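For reference, entry.pdb is printed below; it contains PDB, C-alpha atoms.
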```
ATOM      1  CA  MET A   1       8.531   5.681  -9.479
ATOM      2  CA  LYS A   2       5.250   5.742  -7.657
ATOM      3  CA  LEU A   3       2.347   8.153  -7.492
ATOM      4  CA  ARG A   4       1.075   8.433  -3.945
ATOM      5  CA  VAL A   5      -2.490   9.750  -3.681
ATOM      6  CA  PRO A   6      -3.727   9.158  -0.122
ATOM      7  CA  THR A   7      -7.236  10.286  -0.993
ATOM      8  CA  LYS A   8      -7.686   7.372  -3.368
ATOM      9  CA  LEU A   9      -7.768   3.603  -3.075
ATOM     10  CA  GLY A  10      -4.479   1.746  -3.484
ATOM     11  CA  PHE A  11      -5.028   0.696  -7.080
ATOM     12  CA  LYS A  12      -5.126   4.393  -8.006
ATOM     13  CA  ASN A  13      -1.548   4.688  -6.674
ATOM     14  CA  PRO A  14       0.474   3.256  -9.568
ATOM     15  CA  LYS A  15       4.067   2.093  -9.055
ATOM     16  CA  HIS A  16       6.881   1.473 -11.567
ATOM     17  CA  ILE A  17       5.641   4.446 -13.591
ATOM     18  CA  GLY A  18       7.478   4.880 -16.878
ATOM     19  CA  GLU A  19       5.214   7.354 -18.622
ATOM     20  CA  LEU A  20       2.627   9.901 -17.721
ATOM     21  CA  GLU A  21       0.410  11.449 -20.360
ATOM     22  CA  VAL A  22      -1.819  14.487 -20.035
ATOM     23  CA  GLY A  23      -4.848  14.450 -22.296
ATOM     24  CA  ASN A  24      -8.557  14.919 -22.785
ATOM     25  CA  ASP A  25      -9.501  11.366 -23.701
ATOM     26  CA  TYR A  26     -10.651   8.966 -21.004
ATOM     27  CA  THR A  27      -8.125   6.147 -20.756
ATOM     28  CA  GLY A  28      -9.419   4.223 -17.739
ATOM     29  CA  GLY A  29      -6.951   1.677 -16.449
ATOM     30  CA  TYR A  30      -6.284  -1.990 -15.732
ATOM     31  CA  TRP A  31      -8.754  -2.557 -12.895
ATOM     32  CA  GLU A  32     -11.187  -0.129 -14.430
ATOM     33  CA  THR A  33     -11.603  -2.584 -17.313
ATOM     34  CA  TYR A  34     -12.902  -5.023 -14.680
ATOM     35  CA  ALA A  35     -15.562  -2.524 -13.620
ATOM     36  CA  TYR A  36     -13.680  -1.086 -10.646
ATOM     37  CA  ASN A  37     -14.784   2.480  -9.950
ATOM     38  CA  TRP A  38     -12.537   4.885 -11.853
ATOM     39  CA  PHE A  39     -12.628   7.717  -9.306
ATOM     40  CA  SER A  40     -12.240   5.532  -6.209
ATOM     41  CA  GLY A  41     -11.868   8.433  -3.787
ATOM     42  CA  LEU A  42     -11.836   7.859  -0.042
TER
ATOM     43  CA  MET B   1     -19.481  11.676 -14.330
ATOM     44  CA  ASP B   2     -18.862  10.019 -11.024
ATOM     45  CA  ASP B   3     -21.097  11.277  -8.214
ATOM     46  CA  ALA B   4     -18.190  11.145  -5.819
ATOM     47  CA  VAL B   5     -16.518  13.973  -7.700
ATOM     48  CA  ALA B   6     -19.192  16.368  -6.522
ATOM     49  CA  LEU B   7     -19.398  14.894  -3.040
ATOM     50  CA  PHE B   8     -15.705  15.001  -2.402
ATOM     51  CA  ASN B   9     -14.357  18.096  -0.674
ATOM     52  CA  PRO B  10     -11.202  19.190  -2.538
ATOM     53  CA  GLN B  11     -10.063  21.335   0.383
ATOM     54  CA  ARG B  12      -9.691  18.398   2.751
ATOM     55  CA  LEU B  13      -6.361  16.597   2.925
ATOM     56  CA  ALA B  14      -5.758  13.011   3.979
ATOM     57  CA  ARG B  15      -4.951  12.403   7.642
ATOM     58  CA  GLU B  16      -1.270  12.121   8.550
ATOM     59  CA  TYR B  17       0.242   9.748  11.117
ATOM     60  CA  PRO B  18       3.322   9.680  13.366
ATOM     61  CA  GLU B  19       6.361   7.557  12.493
ATOM     62  CA  SER B  20       5.348   5.104  15.197
ATOM     63  CA  ALA B  21       2.176   4.272  13.276
ATOM     64  CA  ILE B  22       4.009   3.009  10.177
ATOM     65  CA  THR B  23       3.017  -0.556   9.361
ATOM     66  CA  ARG B  24       5.933  -2.984   9.414
ATOM     67  CA  PRO B  25       6.177  -5.036   7.353
ATOM     68  CA  PHE B  26       4.455  -2.929   4.737
ATOM     69  CA  PRO B  27       2.524  -5.320   2.490
ATOM     70  CA  PHE B  28       3.480  -5.801  -1.123
ATOM     71  CA  ASN B  29       0.543  -5.981  -3.508
ATOM     72  CA  SER B  30       0.374  -6.374  -7.256
ATOM     73  CA  PHE B  31      -2.276  -6.577  -9.954
ATOM     74  CA  TYR B  32      -0.704  -9.756 -11.305
ATOM     75  CA  THR B  33      -0.578 -13.184  -9.729
ATOM     76  CA  PRO B  34       1.067 -14.641  -7.829
ATOM     77  CA  ASN B  35       1.345 -11.580  -5.640
ATOM     78  CA  SER B  36       5.097 -11.414  -5.167
ATOM     79  CA  PRO B  37       7.725  -8.666  -5.324
ATOM     80  CA  ASP B  38       9.929 -11.243  -7.049
ATOM     81  CA  LYS B  39       7.977 -10.488 -10.211
ATOM     82  CA  ALA B  40       8.289  -6.714  -9.881
ATOM     83  CA  PRO B  41      10.198  -5.138 -12.770
ATOM     84  CA  ILE B  42      13.867  -4.391 -12.172
ATOM     85  CA  ILE B  43      14.528  -0.784 -13.096
ATOM     86  CA  ASP B  44      18.057   0.414 -13.810
ATOM     87  CA  PRO B  45      18.334   3.705 -11.912
ATOM     88  CA  VAL B  46      20.942   5.005 -14.355
ATOM     89  CA  SER B  47      19.038   4.400 -17.582
ATOM     90  CA  TYR B  48      15.601   5.066 -16.091
ATOM     91  CA  ARG B  49      13.591   7.786 -17.804
ATOM     92  CA  LEU B  50      10.182   9.132 -16.930
ATOM     93  CA  ASN B  51       8.437  10.063 -20.175
ATOM     94  CA  VAL B  52       6.052  12.993 -19.994
ATOM     95  CA  THR B  53       3.741  13.225 -22.993
ATOM     96  CA  GLY B  54       0.575  14.928 -24.187
ATOM     97  CA  LEU B  55      -0.709  18.343 -23.217
ATOM     98  CA  VAL B  56       2.370  19.793 -21.527
ATOM     99  CA  ASP B  57       4.830  22.445 -22.702
ATOM    100  CA  ASP B  58       7.914  20.412 -21.800
ATOM    101  CA  THR B  59       7.927  16.784 -22.956
ATOM    102  CA  SER B  60      11.582  16.148 -22.233
ATOM    103  CA  ASP B  61      12.438  12.966 -20.344
ATOM    104  CA  TRP B  62      13.219  12.923 -16.634
ATOM    105  CA  THR B  63      16.218  11.129 -15.202
ATOM    106  CA  LEU B  64      16.299  10.229 -11.531
ATOM    107  CA  ALA B  65      18.943  12.902 -10.945
ATOM    108  CA  ARG B  66      16.660  15.528 -12.453
ATOM    109  CA  LEU B  67      13.754  14.327 -10.338
ATOM    110  CA  TYR B  68      15.858  14.284  -7.177
ATOM    111  CA  ALA B  69      16.821  17.906  -7.776
ATOM    112  CA  LEU B  70      13.180  18.942  -7.242
ATOM    113  CA  PRO B  71      11.938  20.027  -3.816
ATOM    114  CA  ARG B  72      10.903  16.947  -1.863
ATOM    115  CA  VAL B  73       8.170  16.493   0.698
ATOM    116  CA  THR B  74       7.236  13.537   2.887
ATOM    117  CA  GLN B  75       3.894  12.112   3.959
ATOM    118  CA  ILE B  76       2.948   9.384   6.421
ATOM    119  CA  THR B  77      -0.530   8.338   5.369
ATOM    120  CA  ARG B  78      -2.785   5.309   5.228
ATOM    121  CA  HIS B  79      -2.808   3.270   2.045
ATOM    122  CA  ILE B  80      -6.243   1.664   1.734
ATOM    123  CA  CYS B  81      -6.757  -1.308  -0.536
ATOM    124  CA  ILE B  82     -10.057  -2.206  -2.174
ATOM    125  CA  GLU B  83      -9.427  -5.759  -0.883
ATOM    126  CA  GLY B  84     -10.197  -4.574   2.644
ATOM    127  CA  TRP B  85      -6.755  -4.173   4.219
ATOM    128  CA  SER B  86      -4.866  -0.985   4.927
ATOM    129  CA  ALA B  87      -1.376   0.006   6.026
ATOM    130  CA  VAL B  88       0.347   3.210   7.069
ATOM    131  CA  GLY B  89       3.399   4.060   4.983
ATOM    132  CA  LYS B  90       5.854   6.855   4.434
ATOM    133  CA  TRP B  91       6.509   8.334   1.013
ATOM    134  CA  SER B  92       8.780  11.118  -0.177
ATOM    135  CA  GLY B  93       8.893  12.883  -3.493
ATOM    136  CA  VAL B  94       7.978  15.935  -5.450
ATOM    137  CA  ARG B  95       4.502  17.311  -4.977
ATOM    138  CA  PHE B  96       2.651  16.194  -8.068
ATOM    139  CA  SER B  97       0.898  19.515  -8.626
ATOM    140  CA  ASP B  98       4.301  21.254  -8.578
ATOM    141  CA  PHE B  99       5.653  18.721 -11.052
ATOM    142  CA  LEU B 100       2.764  19.165 -13.457
ATOM    143  CA  ARG B 101       2.912  22.936 -13.281
ATOM    144  CA  GLY B 102       6.671  22.753 -13.745
ATOM    145  CA  VAL B 103       6.295  20.983 -17.084
ATOM    146  CA  GLY B 104       3.631  23.465 -18.134
ATOM    147  CA  VAL B 105       0.554  21.272 -17.928
ATOM    148  CA  ASP B 106      -2.480  22.408 -19.907
ATOM    149  CA  LEU B 107      -4.820  23.501 -17.114
ATOM    150  CA  ARG B 108      -7.823  22.699 -19.295
ATOM    151  CA  ALA B 109      -6.819  19.050 -19.762
ATOM    152  CA  LYS B 110      -9.049  16.416 -18.177
ATOM    153  CA  TYR B 111      -6.884  13.411 -17.438
ATOM    154  CA  VAL B 112      -3.442  12.207 -16.428
ATOM    155  CA  THR B 113      -2.697   8.640 -17.487
ATOM    156  CA  PHE B 114       0.058   6.513 -15.972
ATOM    157  CA  ARG B 115       1.731   3.674 -17.857
ATOM    158  CA  CYS B 116       3.923   1.434 -15.779
ATOM    159  CA  ASP B 117       6.873  -0.846 -16.479
ATOM    160  CA  ASP B 118       4.873  -3.888 -15.357
ATOM    161  CA  GLN B 119       2.171  -2.961 -17.932
ATOM    162  CA  TYR B 120      -0.183  -1.637 -15.263
ATOM    163  CA  THR B 121      -2.133   1.469 -16.208
ATOM    164  CA  THR B 122      -4.483   3.863 -14.473
ATOM    165  CA  SER B 123      -5.590   7.461 -14.813
ATOM    166  CA  ILE B 124      -6.793  10.315 -12.620
ATOM    167  CA  TRP B 125      -8.419  13.680 -13.002
ATOM    168  CA  ARG B 126      -5.977  16.331 -14.126
ATOM    169  CA  PRO B 127      -7.813  18.993 -12.004
ATOM    170  CA  ARG B 128      -7.438  16.862  -8.866
ATOM    171  CA  SER B 129      -3.780  16.389  -9.686
ATOM    172  CA  THR B 130      -3.195  19.923  -8.539
ATOM    173  CA  ARG B 131      -4.254  18.921  -5.016
ATOM    174  CA  LYS B 132      -1.593  19.554  -2.414
ATOM    175  CA  ARG B 133      -1.026  15.982  -1.364
ATOM    176  CA  SER B 134      -0.478  13.964  -4.513
ATOM    177  CA  TRP B 135       3.187  13.177  -4.824
ATOM    178  CA  LEU B 136       5.509  11.496  -7.222
ATOM    179  CA  SER B 137       7.340   9.425  -4.727
ATOM    180  CA  GLY B 138      10.889   8.217  -4.392
ATOM    181  CA  SER B 139      12.755   6.449  -7.137
ATOM    182  CA  THR B 140      12.285   3.360  -9.226
ATOM    183  CA  THR B 141      13.260   0.089  -7.611
ATOM    184  CA  ALA B 142      14.763   2.043  -4.786
ATOM    185  CA  CYS B 143      11.305   3.344  -3.966
ATOM    186  CA  CYS B 144       9.791  -0.097  -3.990
ATOM    187  CA  ARG B 145      12.674  -1.467  -1.970
ATOM    188  CA  ALA B 146      12.120   1.322   0.504
ATOM    189  CA  ASN B 147       8.506   0.362   0.810
ATOM    190  CA  MET B 148       9.433  -3.266   1.095
ATOM    191  CA  ASP B 149      11.976  -2.391   3.736
ATOM    192  CA  PHE B 150       9.010  -1.897   6.021
ATOM    193  CA  ARG B 151       8.755  -5.682   6.215
TER
END
```
Rendering of file as structure tokens:
Amino acid sequence: MKLRVPTKLGFKNPKHIGELEVGNDYTGGYWETYAYNWFSGL
Amino acid sequence: MDDAVALFNPQRLAREYPESAITRPFPFNSFYTPNSPDKAPIIDPVSYRLNVTGLVDDTSDWTLARLYALPRVTQITRHICIEGWSAVGKWSGVRFSDFLRGVGVDLRAKYVTFRCDDQYTTSIWRPRSTRKRSWLSGSTTACCRANMDFR
């Protein structure tokens, strides 16, 4: 299962999705912990 | 708040390409090393469940059959990697905004977080998730195989 968002960089297009959670708390992500830009729009 | 949020025009959709523009082979890329599809998780399509949690009315699990029963759309768009390469690919699946509205997403919620079977995670704006061209694509391994079939 993949989310395809063509308006964002590839690392914002997760694959092998097992869970999606809707919430109000910022959760960031894997690359975001290495200071990659969270929004990463094109 | 990211400046790009204000700069970005939410009415503009990503450019689409003809079938002839699809990149073959389509590159495989992973967050882990070495970068190889051999390390990609093997998902059993029968037991696979997509868990939907948090601020939605319907938190029931999704089987592949249930997902496949949703209206499907296809896009041929350019996947652009932060590493500097790009490739045109073809993806099919349910429009993500339709999916979220279908499970009764809280339209005041800020984020959608994705947790993956290879332990990857990322998150996006919930408001942007109602854009027309964000799609939950394909199936589990079948989807990845399909992408890899571009090779």
Result set, the PyMOL selection byres ((chain A and resi 40) around 10) on current file, as a list in words: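 In the shown coordinates, the PyMOL selection byres ((chain A and resi 40) around 10) covers Thr7, Lys8, Leu9, Gly10, Phe11, Lys12, Tyr36, Asn37, Trp38, Phe39, Gly41 and Leu42 of chain A; Asp2, Ala4, Val5, Ile82 and Ile124 of chain B.
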Distance query 12 Å from (22.7, 9.4, -18.7) using all atoms listed in the file, result as a list in words: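 Those within range, by chain then number, are Asp44, Pro45, Val46, Ser47, Tyr48, Arg49, Asp61, Trp62, Thr63, Leu64, Ala65 and Arg66 of chain B.
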Residue among B:Arg108, B:Arg101, B:Arg24, B:Arg115 lying closest to Leu3 (chain A), counting only C-alpha atoms: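 Residue with the minimum atom-to-atom distance to Leu3 (chain A): B:Arg115.
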Expected residue set, 10 Å radius at (-11.8, 12.5, -18.1), only C-alpha atoms, as a PyMOL selection string: (chain A and resi 23-28+38) or (chain B and resi 1+109-113+123-127)
Picked residues, the PyMOL selection byres ((chain A and resi 14-21) around 6), as number ranges by chain: A: 1-3, 12-13, 22; B: 50-54, 112-117
The PyMOL selection byres ((chain A and resi 30) around 7) resolved against shown file, as a ChimeraX atom specification: /A:29,31-33 /B:120-122
Residue among B:Arg78, B:Lys39, B:Lys90, B:Arg72 lying closest to chain A, counting only C-alpha atoms: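 Going through B:Arg78, B:Lys39, B:Lys90, B:Arg72 one by one, the smallest distance to chain A is for B:Arg78.
The coordinates place CA of Ser92 (chain B) at 23.4 Å from CA of Ser36 (chain B).
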